[in-house]
$ cat protein02.txt   # compact mmCIF, N, CA and C atoms
# COMPACT_ATOMS: atom_id res chain seq x y z
N MET R 1 173.98 314.56 199.23
CA MET R 1 174.73 313.42 199.69
C MET R 1 175.40 313.76 201.01
N GLU R 2 175.34 312.83 201.93
CA GLU R 2 176.05 312.94 203.19
C GLU R 2 177.07 311.81 203.23
N TYR R 3 178.19 312.01 203.90
CA TYR R 3 179.12 310.91 204.09
C TYR R 3 180.00 311.18 205.30
N CYS R 4 180.60 310.13 205.79
CA CYS R 4 181.60 310.22 206.83
C CYS R 4 182.60 309.10 206.57
N ALA R 5 183.78 309.24 207.12
CA ALA R 5 184.81 308.22 206.95
C ALA R 5 185.06 307.53 208.28
N GLY R 6 185.47 306.30 208.21
CA GLY R 6 185.81 305.54 209.40
C GLY R 6 186.88 304.54 209.05
N SER R 7 187.17 303.67 209.97
CA SER R 7 188.14 302.62 209.72
C SER R 7 187.59 301.30 210.26
N ILE R 8 188.14 300.21 209.75
CA ILE R 8 187.67 298.89 210.17
C ILE R 8 188.27 298.56 211.53
N GLY R 9 187.39 298.14 212.43
CA GLY R 9 187.80 297.70 213.75
C GLY R 9 187.85 296.18 213.79
N ARG R 10 187.15 295.60 214.72
CA ARG R 10 187.13 294.15 214.86
C ARG R 10 186.27 293.52 213.76
N ILE R 11 186.58 292.28 213.46
CA ILE R 11 185.79 291.51 212.50
C ILE R 11 185.31 290.26 213.23
N PHE R 12 184.00 290.04 213.19
CA PHE R 12 183.40 288.90 213.87
C PHE R 12 182.81 287.93 212.85
N ALA R 13 183.02 286.65 213.07
CA ALA R 13 182.31 285.60 212.36
C ALA R 13 181.36 285.00 213.39
N VAL R 14 180.06 285.00 213.07
CA VAL R 14 179.03 284.57 214.02
C VAL R 14 178.20 283.48 213.36
N ARG R 15 177.96 282.43 214.11
CA ARG R 15 177.06 281.38 213.64
C ARG R 15 175.78 281.47 214.45
N LEU R 16 174.70 281.79 213.77
CA LEU R 16 173.39 281.81 214.42
C LEU R 16 172.80 280.41 214.38
N SER R 17 172.01 280.10 215.38
CA SER R 17 171.38 278.78 215.47
C SER R 17 169.96 278.83 214.92
N GLU R 18 169.46 277.66 214.60
CA GLU R 18 168.10 277.55 214.10
C GLU R 18 167.13 278.20 215.09
N GLY R 19 166.22 279.00 214.55
CA GLY R 19 165.22 279.66 215.37
C GLY R 19 165.59 281.08 215.79
N GLU R 20 166.87 281.44 215.72
CA GLU R 20 167.21 282.83 216.03
C GLU R 20 166.67 283.72 214.93
N ARG R 21 166.42 284.99 215.26
CA ARG R 21 165.75 285.89 214.32
C ARG R 21 166.63 287.07 213.93
N LEU R 22 166.52 287.42 212.65
CA LEU R 22 167.09 288.68 212.16
C LEU R 22 165.97 289.69 212.18
N PRO R 23 166.20 290.90 212.52
CA PRO R 23 167.47 291.52 212.83
C PRO R 23 167.85 291.46 214.30
N GLU R 24 166.93 291.01 215.18
CA GLU R 24 167.15 291.11 216.63
C GLU R 24 168.42 290.42 217.11
N SER R 25 168.71 289.22 216.61
CA SER R 25 169.87 288.48 217.11
C SER R 25 171.17 289.22 216.82
N ILE R 26 171.27 289.85 215.66
CA ILE R 26 172.48 290.60 215.32
C ILE R 26 172.55 291.90 216.12
N GLU R 27 171.42 292.57 216.26
CA GLU R 27 171.40 293.80 217.06
C GLU R 27 171.80 293.51 218.51
N ASP R 28 171.28 292.43 219.08
CA ASP R 28 171.63 292.06 220.45
C ASP R 28 173.12 291.74 220.58
N PHE R 29 173.65 290.98 219.62
CA PHE R 29 175.07 290.64 219.63
C PHE R 29 175.92 291.91 219.60
N CYS R 30 175.58 292.82 218.70
CA CYS R 30 176.35 294.07 218.57
C CYS R 30 176.25 294.91 219.84
N GLN R 31 175.08 294.96 220.43
CA GLN R 31 174.91 295.69 221.69
C GLN R 31 175.84 295.10 222.76
N ASN R 32 175.85 293.77 222.87
CA ASN R 32 176.68 293.09 223.87
C ASN R 32 178.18 293.26 223.63
N GLN R 33 178.56 293.39 222.37
CA GLN R 33 179.98 293.54 222.02
C GLN R 33 180.43 295.00 221.96
N GLY R 34 179.50 295.93 222.16
CA GLY R 34 179.85 297.34 222.09
C GLY R 34 180.10 297.84 220.68
N ILE R 35 179.49 297.19 219.70
CA ILE R 35 179.64 297.60 218.29
C ILE R 35 178.60 298.67 218.00
N LYS R 36 179.06 299.84 217.59
CA LYS R 36 178.16 300.96 217.30
C LYS R 36 177.80 301.04 215.82
N ALA R 37 178.75 300.70 214.96
CA ALA R 37 178.51 300.77 213.52
C ALA R 37 179.22 299.59 212.85
N ALA R 38 178.59 299.06 211.80
CA ALA R 38 179.18 297.88 211.15
C ALA R 38 178.58 297.65 209.77
N LEU R 39 179.33 296.89 208.98
CA LEU R 39 178.83 296.28 207.76
C LEU R 39 178.50 294.84 208.13
N VAL R 40 177.33 294.36 207.73
CA VAL R 40 176.88 293.02 208.10
C VAL R 40 176.54 292.23 206.84
N ILE R 41 177.05 291.00 206.79
CA ILE R 41 176.75 290.09 205.67
C ILE R 41 176.16 288.81 206.27
N TYR R 42 175.05 288.35 205.71
CA TYR R 42 174.38 287.13 206.19
C TYR R 42 174.28 286.12 205.05
N VAL R 43 174.63 284.87 205.36
CA VAL R 43 174.46 283.75 204.43
C VAL R 43 173.85 282.61 205.22
N GLY R 44 172.75 282.07 204.72
CA GLY R 44 172.15 280.95 205.44
C GLY R 44 170.76 280.65 204.94
N GLY R 45 169.94 280.15 205.86
CA GLY R 45 168.59 279.76 205.52
C GLY R 45 167.55 280.57 206.26
N ALA R 46 166.35 280.59 205.71
CA ALA R 46 165.21 281.25 206.35
C ALA R 46 164.10 280.23 206.52
N GLN R 47 163.54 280.23 207.70
CA GLN R 47 162.46 279.32 208.06
C GLN R 47 161.16 279.69 207.33
N ASP R 48 160.36 278.69 207.04
CA ASP R 48 159.01 278.91 206.52
C ASP R 48 158.28 279.87 207.45
N GLY R 49 157.60 280.85 206.90
CA GLY R 49 156.86 281.82 207.70
C GLY R 49 157.65 283.07 208.04
N SER R 50 158.94 283.10 207.70
CA SER R 50 159.71 284.33 207.89
C SER R 50 159.09 285.44 207.06
N ARG R 51 159.39 286.69 207.45
CA ARG R 51 158.73 287.81 206.78
C ARG R 51 159.75 288.86 206.34
N LEU R 52 159.48 289.44 205.18
CA LEU R 52 160.29 290.52 204.62
C LEU R 52 159.38 291.70 204.28
N VAL R 53 159.91 292.89 204.41
CA VAL R 53 159.25 294.08 203.88
C VAL R 53 159.68 294.19 202.43
N VAL R 54 158.73 294.14 201.51
CA VAL R 54 159.05 294.09 200.08
C VAL R 54 158.62 295.35 199.33
N GLY R 55 158.39 296.42 200.06
CA GLY R 55 158.08 297.69 199.41
C GLY R 55 156.92 298.39 200.07
N PRO R 56 156.74 299.64 199.71
CA PRO R 56 155.56 300.36 200.18
C PRO R 56 154.37 300.06 199.27
N GLU R 57 153.18 300.20 199.82
CA GLU R 57 151.97 300.00 199.00
C GLU R 57 151.91 300.98 197.85
N ALA R 58 152.39 302.21 198.09
CA ALA R 58 152.36 303.24 197.05
C ALA R 58 153.65 304.06 197.14
N GLY R 59 153.85 304.89 196.14
CA GLY R 59 154.99 305.79 196.18
C GLY R 59 154.81 306.82 197.27
N ARG R 60 155.38 307.95 197.11
CA ARG R 60 155.28 309.01 198.13
C ARG R 60 153.84 309.35 198.42
N SER R 61 153.51 309.35 199.70
CA SER R 61 152.16 309.73 200.14
C SER R 61 152.26 310.21 201.57
N ASP R 62 151.13 310.50 202.18
CA ASP R 62 151.14 310.95 203.57
C ASP R 62 151.71 309.90 204.51
N ALA R 63 151.37 308.64 204.29
CA ALA R 63 151.85 307.56 205.15
C ALA R 63 152.48 306.47 204.29
N VAL R 64 153.62 305.97 204.73
CA VAL R 64 154.26 304.86 204.03
C VAL R 64 153.75 303.58 204.67
N ILE R 65 153.02 302.79 203.88
CA ILE R 65 152.45 301.54 204.37
C ILE R 65 153.26 300.40 203.75
N PRO R 66 153.98 299.65 204.60
CA PRO R 66 154.83 298.59 204.06
C PRO R 66 154.04 297.39 203.58
N ILE R 67 154.58 296.73 202.58
CA ILE R 67 154.05 295.44 202.12
C ILE R 67 154.89 294.37 202.81
N ILE R 68 154.25 293.50 203.56
CA ILE R 68 154.95 292.42 204.26
C ILE R 68 154.71 291.13 203.48
N HIS R 69 155.81 290.47 203.10
CA HIS R 69 155.73 289.21 202.36
C HIS R 69 156.13 288.07 203.30
N THR R 70 155.29 287.06 203.39
CA THR R 70 155.58 285.89 204.22
C THR R 70 156.16 284.80 203.33
N LEU R 71 157.32 284.29 203.72
CA LEU R 71 157.99 283.25 202.93
C LEU R 71 157.27 281.92 203.09
N ARG R 72 157.14 281.22 202.00
CA ARG R 72 156.52 279.90 201.99
C ARG R 72 157.63 278.88 201.74
N GLY R 73 157.82 278.00 202.68
CA GLY R 73 158.87 277.00 202.56
C GLY R 73 160.21 277.55 203.02
N ILE R 74 161.12 276.66 203.25
CA ILE R 74 162.48 277.04 203.65
C ILE R 74 163.16 277.68 202.45
N GLN R 75 163.89 278.77 202.72
CA GLN R 75 164.50 279.54 201.63
C GLN R 75 165.99 279.74 201.88
N GLU R 76 166.75 279.86 200.81
CA GLU R 76 168.16 280.24 200.88
C GLU R 76 168.22 281.75 200.97
N VAL R 77 169.21 282.28 201.72
CA VAL R 77 169.28 283.72 201.95
C VAL R 77 170.70 284.24 201.77
N LEU R 78 170.79 285.40 201.15
CA LEU R 78 172.02 286.18 201.08
C LEU R 78 171.63 287.62 201.39
N GLY R 79 172.20 288.19 202.46
CA GLY R 79 171.82 289.54 202.86
C GLY R 79 173.03 290.41 203.16
N VAL R 80 172.86 291.69 202.98
CA VAL R 80 173.90 292.66 203.33
C VAL R 80 173.21 293.87 203.94
N GLY R 81 173.88 294.45 204.94
CA GLY R 81 173.26 295.58 205.60
C GLY R 81 174.24 296.43 206.36
N THR R 82 173.70 297.50 206.93
CA THR R 82 174.48 298.40 207.76
C THR R 82 173.87 298.46 209.15
N LEU R 83 174.70 298.67 210.12
CA LEU R 83 174.27 298.80 211.50
C LEU R 83 174.80 300.12 212.03
N PHE R 84 173.89 300.95 212.53
CA PHE R 84 174.23 302.23 213.15
C PHE R 84 173.31 302.42 214.34
N PRO R 85 173.74 303.19 215.33
CA PRO R 85 172.89 303.40 216.51
C PRO R 85 171.73 304.34 216.21
N ASN R 86 170.63 304.13 216.95
CA ASN R 86 169.55 305.12 216.88
C ASN R 86 169.88 306.27 217.84
N GLU R 87 168.97 307.18 218.00
CA GLU R 87 169.24 308.36 218.84
C GLU R 87 169.44 308.01 220.31
N ALA R 88 168.99 306.83 220.73
CA ALA R 88 169.19 306.38 222.10
C ALA R 88 170.50 305.59 222.25
N GLY R 89 171.23 305.42 221.14
CA GLY R 89 172.50 304.69 221.18
C GLY R 89 172.37 303.20 220.98
N VAL R 90 171.18 302.72 220.65
CA VAL R 90 170.94 301.28 220.46
C VAL R 90 171.23 300.92 219.00
N PRO R 91 172.03 299.86 218.76
CA PRO R 91 172.33 299.47 217.37
C PRO R 91 171.08 299.01 216.63
N VAL R 92 170.91 299.52 215.41
CA VAL R 92 169.77 299.16 214.56
C VAL R 92 170.32 298.66 213.23
N LEU R 93 169.94 297.43 212.87
CA LEU R 93 170.38 296.81 211.63
C LEU R 93 169.40 297.10 210.51
N HIS R 94 169.92 297.52 209.37
CA HIS R 94 169.13 297.67 208.15
C HIS R 94 169.73 296.71 207.14
N LEU R 95 169.12 295.52 207.03
CA LEU R 95 169.66 294.45 206.20
C LEU R 95 168.65 294.07 205.14
N HIS R 96 169.06 294.14 203.89
CA HIS R 96 168.23 293.68 202.79
C HIS R 96 168.73 292.32 202.36
N ALA R 97 167.80 291.46 202.01
CA ALA R 97 168.16 290.08 201.67
C ALA R 97 167.45 289.63 200.41
N ALA R 98 168.17 288.79 199.67
CA ALA R 98 167.57 288.08 198.55
C ALA R 98 167.34 286.66 199.05
N VAL R 99 166.12 286.19 198.93
CA VAL R 99 165.78 284.84 199.37
C VAL R 99 165.20 284.08 198.20
N GLY R 100 165.43 282.78 198.18
CA GLY R 100 164.91 282.02 197.05
C GLY R 100 164.72 280.56 197.35
N ARG R 101 163.88 279.96 196.49
CA ARG R 101 163.59 278.53 196.58
C ARG R 101 163.11 278.08 195.20
N GLU R 102 163.70 277.03 194.69
CA GLU R 102 163.27 276.42 193.43
C GLU R 102 163.16 277.43 192.29
N GLY R 103 164.14 278.31 192.16
CA GLY R 103 164.17 279.25 191.05
C GLY R 103 163.35 280.50 191.23
N ARG R 104 162.66 280.64 192.35
CA ARG R 104 161.88 281.85 192.63
C ARG R 104 162.59 282.66 193.69
N ALA R 105 162.64 283.96 193.49
CA ALA R 105 163.36 284.82 194.43
C ALA R 105 162.51 286.00 194.87
N THR R 106 162.79 286.46 196.07
CA THR R 106 162.18 287.65 196.64
C THR R 106 163.29 288.47 197.27
N VAL R 107 163.19 289.78 197.16
CA VAL R 107 164.17 290.67 197.79
C VAL R 107 163.41 291.62 198.70
N GLY R 108 163.95 291.83 199.90
CA GLY R 108 163.30 292.76 200.81
C GLY R 108 164.13 293.01 202.05
N CYS R 109 163.57 293.81 202.95
CA CYS R 109 164.22 294.19 204.19
C CYS R 109 163.84 293.18 205.29
N SER R 110 164.83 292.78 206.08
CA SER R 110 164.63 291.78 207.12
C SER R 110 163.90 292.30 208.36
N ARG R 111 163.59 293.60 208.40
CA ARG R 111 162.99 294.23 209.59
C ARG R 111 161.74 293.51 210.08
N ALA R 112 160.98 292.87 209.19
CA ALA R 112 159.73 292.20 209.59
C ALA R 112 159.97 290.88 210.32
N GLY R 113 161.20 290.34 210.23
CA GLY R 113 161.53 289.14 210.99
C GLY R 113 161.84 287.92 210.14
N VAL R 114 163.12 287.58 210.06
CA VAL R 114 163.56 286.38 209.35
C VAL R 114 164.10 285.40 210.38
N GLU R 115 163.49 284.25 210.45
CA GLU R 115 163.92 283.22 211.40
C GLU R 115 164.90 282.27 210.71
N VAL R 116 166.03 282.03 211.37
CA VAL R 116 167.08 281.20 210.80
C VAL R 116 166.61 279.75 210.70
N TRP R 117 166.85 279.14 209.54
CA TRP R 117 166.63 277.72 209.37
C TRP R 117 167.99 277.02 209.36
N LEU R 118 168.18 276.08 210.23
CA LEU R 118 169.36 275.27 210.40
C LEU R 118 170.58 276.08 210.84
N VAL R 119 171.06 276.97 209.99
CA VAL R 119 172.24 277.76 210.37
C VAL R 119 172.25 279.08 209.60
N GLY R 120 172.78 280.08 210.25
CA GLY R 120 172.98 281.37 209.61
C GLY R 120 174.40 281.83 209.92
N GLU R 121 175.13 282.15 208.89
CA GLU R 121 176.51 282.63 209.06
C GLU R 121 176.53 284.13 208.83
N VAL R 122 177.15 284.83 209.76
CA VAL R 122 177.17 286.29 209.72
C VAL R 122 178.60 286.79 209.83
N LEU R 123 178.97 287.71 208.98
CA LEU R 123 180.23 288.44 209.12
C LEU R 123 179.88 289.86 209.51
N ILE R 124 180.51 290.34 210.57
CA ILE R 124 180.28 291.70 211.07
C ILE R 124 181.61 292.43 211.05
N LEU R 125 181.70 293.47 210.22
CA LEU R 125 182.91 294.29 210.13
C LEU R 125 182.63 295.60 210.84
N GLU R 126 183.19 295.75 212.02
CA GLU R 126 182.99 296.94 212.83
C GLU R 126 183.60 298.15 212.14
N ILE R 127 182.87 299.27 212.16
CA ILE R 127 183.35 300.53 211.58
C ILE R 127 183.59 301.49 212.73
N LEU R 128 184.81 301.94 212.86
CA LEU R 128 185.20 302.86 213.93
C LEU R 128 185.25 304.29 213.44
N GLY R 129 184.94 305.23 214.31
CA GLY R 129 185.13 306.65 214.01
C GLY R 129 184.06 307.28 213.15
N THR R 130 182.90 306.66 213.03
CA THR R 130 181.84 307.25 212.21
C THR R 130 180.91 308.09 213.08
N THR R 131 180.18 308.97 212.42
CA THR R 131 179.24 309.84 213.13
C THR R 131 177.79 309.44 212.86
N GLY R 132 177.58 308.35 212.16
CA GLY R 132 176.24 307.96 211.74
C GLY R 132 175.30 307.65 212.89
N VAL R 133 174.08 308.17 212.76
CA VAL R 133 173.00 307.91 213.73
C VAL R 133 171.70 307.76 212.95
N ARG R 134 170.90 306.77 213.34
CA ARG R 134 169.59 306.61 212.72
C ARG R 134 168.61 307.50 213.48
N LYS R 135 168.05 308.47 212.75
CA LYS R 135 167.11 309.42 213.36
C LYS R 135 165.73 309.22 212.76
N LYS R 136 164.72 309.29 213.62
CA LYS R 136 163.34 309.11 213.15
C LYS R 136 162.94 310.28 212.27
N ASP R 137 162.50 309.92 211.06
CA ASP R 137 162.02 310.91 210.10
C ASP R 137 160.52 311.09 210.32
N PRO R 138 160.09 312.32 210.68
CA PRO R 138 158.66 312.51 210.98
C PRO R 138 157.74 312.24 209.79
N ALA R 139 158.23 312.44 208.57
CA ALA R 139 157.38 312.24 207.40
C ALA R 139 157.09 310.77 207.13
N THR R 140 158.10 309.89 207.34
CA THR R 140 157.92 308.48 207.00
C THR R 140 157.80 307.57 208.22
N GLY R 141 158.33 308.04 209.35
CA GLY R 141 158.38 307.19 210.54
C GLY R 141 159.58 306.28 210.54
N PHE R 142 160.36 306.27 209.46
CA PHE R 142 161.56 305.43 209.36
C PHE R 142 162.69 306.03 210.17
N GLN R 143 163.59 305.17 210.63
CA GLN R 143 164.83 305.62 211.26
C GLN R 143 165.89 305.75 210.18
N LEU R 144 166.03 306.95 209.63
CA LEU R 144 166.94 307.17 208.51
C LEU R 144 168.34 307.51 209.00
N LEU R 145 169.32 307.09 208.24
CA LEU R 145 170.71 307.31 208.59
C LEU R 145 171.09 308.76 208.37
N ASP R 146 171.61 309.42 209.41
CA ASP R 146 172.08 310.79 209.36
C ASP R 146 173.59 310.77 209.57
N LEU R 147 174.33 311.26 208.61
CA LEU R 147 175.79 311.22 208.68
C LEU R 147 176.43 312.60 208.90
N THR R 148 175.63 313.59 209.28
CA THR R 148 176.19 314.93 209.48
C THR R 148 176.83 315.07 210.83

$ encode --input "protein02.txt" --output "structure tokens"
Amino acid sequence: MEYCAGSIGRIFAVRLSEGERLPESIEDFCQNQGIKAALVIYVGGAQDGSRLVVGPEAGRSDAVIPIIHTLRGIQEVLGVGTLFPNEAGVPVLHLHAAVGREGRATVGCSRAGVEVWLVGEVLILEILGTTGVRKKDPATGFQLLDLT
């Protein structure tokens, strides 16, 4: 286990407009505001055709091949994630979301691209004083959080 401590800085309430995309819109906002680390909460809608990463094709293997799920129809979304800089200092959001429509639900990572339908409400709680950096893991290719 790795950990670091920080404190809460600024708190932002952000309204995304229809057509804006997760995670890029939040990463761009954080870059512009100088936010290096944060807790992010998303509530809103997802456009038909949005995509989630819903798991690897197999367990541990030489290559991790993601399963990309394309949403059919407009979906309700509730997501939570963390934002930390990569090794170049660019904020990278890791947000998992539960999406649903008519009693059916899917859970996955927003990295594949979720387009906002009508409105998306985001709370961003800035975390100050952390040492977290997302570093590329050679085995998986993922940018994993390093807190040392």

$ closest_residue --input "protein02.txt" --among "R:Val122, R:Ala139, R:Leu128, R:Cys109" --to "R:Ala13" --atoms "all atoms listed in the file"
R:Val122

$ closest_residue --input "protein02.txt" --among "R:Glu102, R:Glu27, R:Glu57, R:Glu121" --to "R:Tyr42" --atoms "only C-alpha atoms"
R:Glu121

$ atom_distance --input "protein02.txt" --atom1 "atom CA of R:Lys36" --atom2 "atom CA of R:Ala98"
25.1 Å

$ residues_around --input "protein02.txt" --residues "stretch 60-75 of chain R" --least-positions-apart "4" --cutoff "6.5 Å" --atoms "all atoms listed in the file" --output "VMD selection string"
chain R and resid 44 to 56 99 to 101 139 to 140

$ select_by_dssp --input "protein02.txt" --residues "stretch 1-145 of chain R" --states "strand (DSSP E or B)" --output "number ranges by chain"
R: 7-17, 21-22, 38-46, 51-56, 66-70, 75-86, 91-101, 104-109, 114-128, 133-136, 143-145

$ residues_around --input "protein02.txt" --residues "R:Arg10" --least-positions-apart "5" --cutoff "8 Å" --atoms "all atoms listed in the file" --output "PyMOL selection string"
chain R and resi 124-128

$ closest_residue --input "protein02.txt" --among "R:Ala58, R:Val116, R:Ile11, R:Ile35" --to "R:Pro85" --atoms "only C-alpha atoms"
R:Ile35

$ residues_around --input "protein02.txt" --residues "R:Phe84" --least-positions-apart "5" --cutoff "7 Å" --atoms "only C-alpha atoms" --output "list in words"
Lys36, Ala37, Ala38, Pro91, Val92, Leu93, Gly132, Val133 and Arg134 of chain R

$ closest_residue --input "protein02.txt" --among "R:Ala105, R:Ala5, R:Gly19, R:Leu95" --to "R:Gly129" --atoms "only N, CA and C atoms"
R:Ala5

$ select_by_dssp --input "protein02.txt" --residues "stretch 2-70 of chain R" --states "helix (DSSP H, G or I)" --output "list in words"
Glu24, Ser25, Ile26, Glu27, Asp28, Phe29, Cys30, Gln31, Asn32 and Gln33 of chain R

$ atom_distance --input "protein02.txt" --atom1 "atom CA of R:Val14" --atom2 "atom CA of R:Lys136"
29.1 Å

$ atom_distance --input "protein02.txt" --atom1 "atom N of R:Glu87" --atom2 "atom C of R:Val107"
25.4 Å

$ closest_residue --input "protein02.txt" --among "R:Gln31, R:His96, R:Gly59, R:Leu22" --to "R:Thr82" --atoms "only C-alpha atoms"
R:His96

$ closest_residue --input "protein02.txt" --among "R:Glu24, R:Glu76, R:Glu2, R:Glu18" --to "R:Gly113" --atoms "only N, CA and C atoms"
R:Glu24

$ axis_aligned_box --input "protein02.txt" --around "stretch 134-141 of chain R" --padding-each-side "5 Å" --output "lines of an AutoDock Vina configuration file"
center_x = 164.0
center_y = 309.4
center_z = 210.3
size_x = 23.8
size_y = 16.2
size_z = 16.6
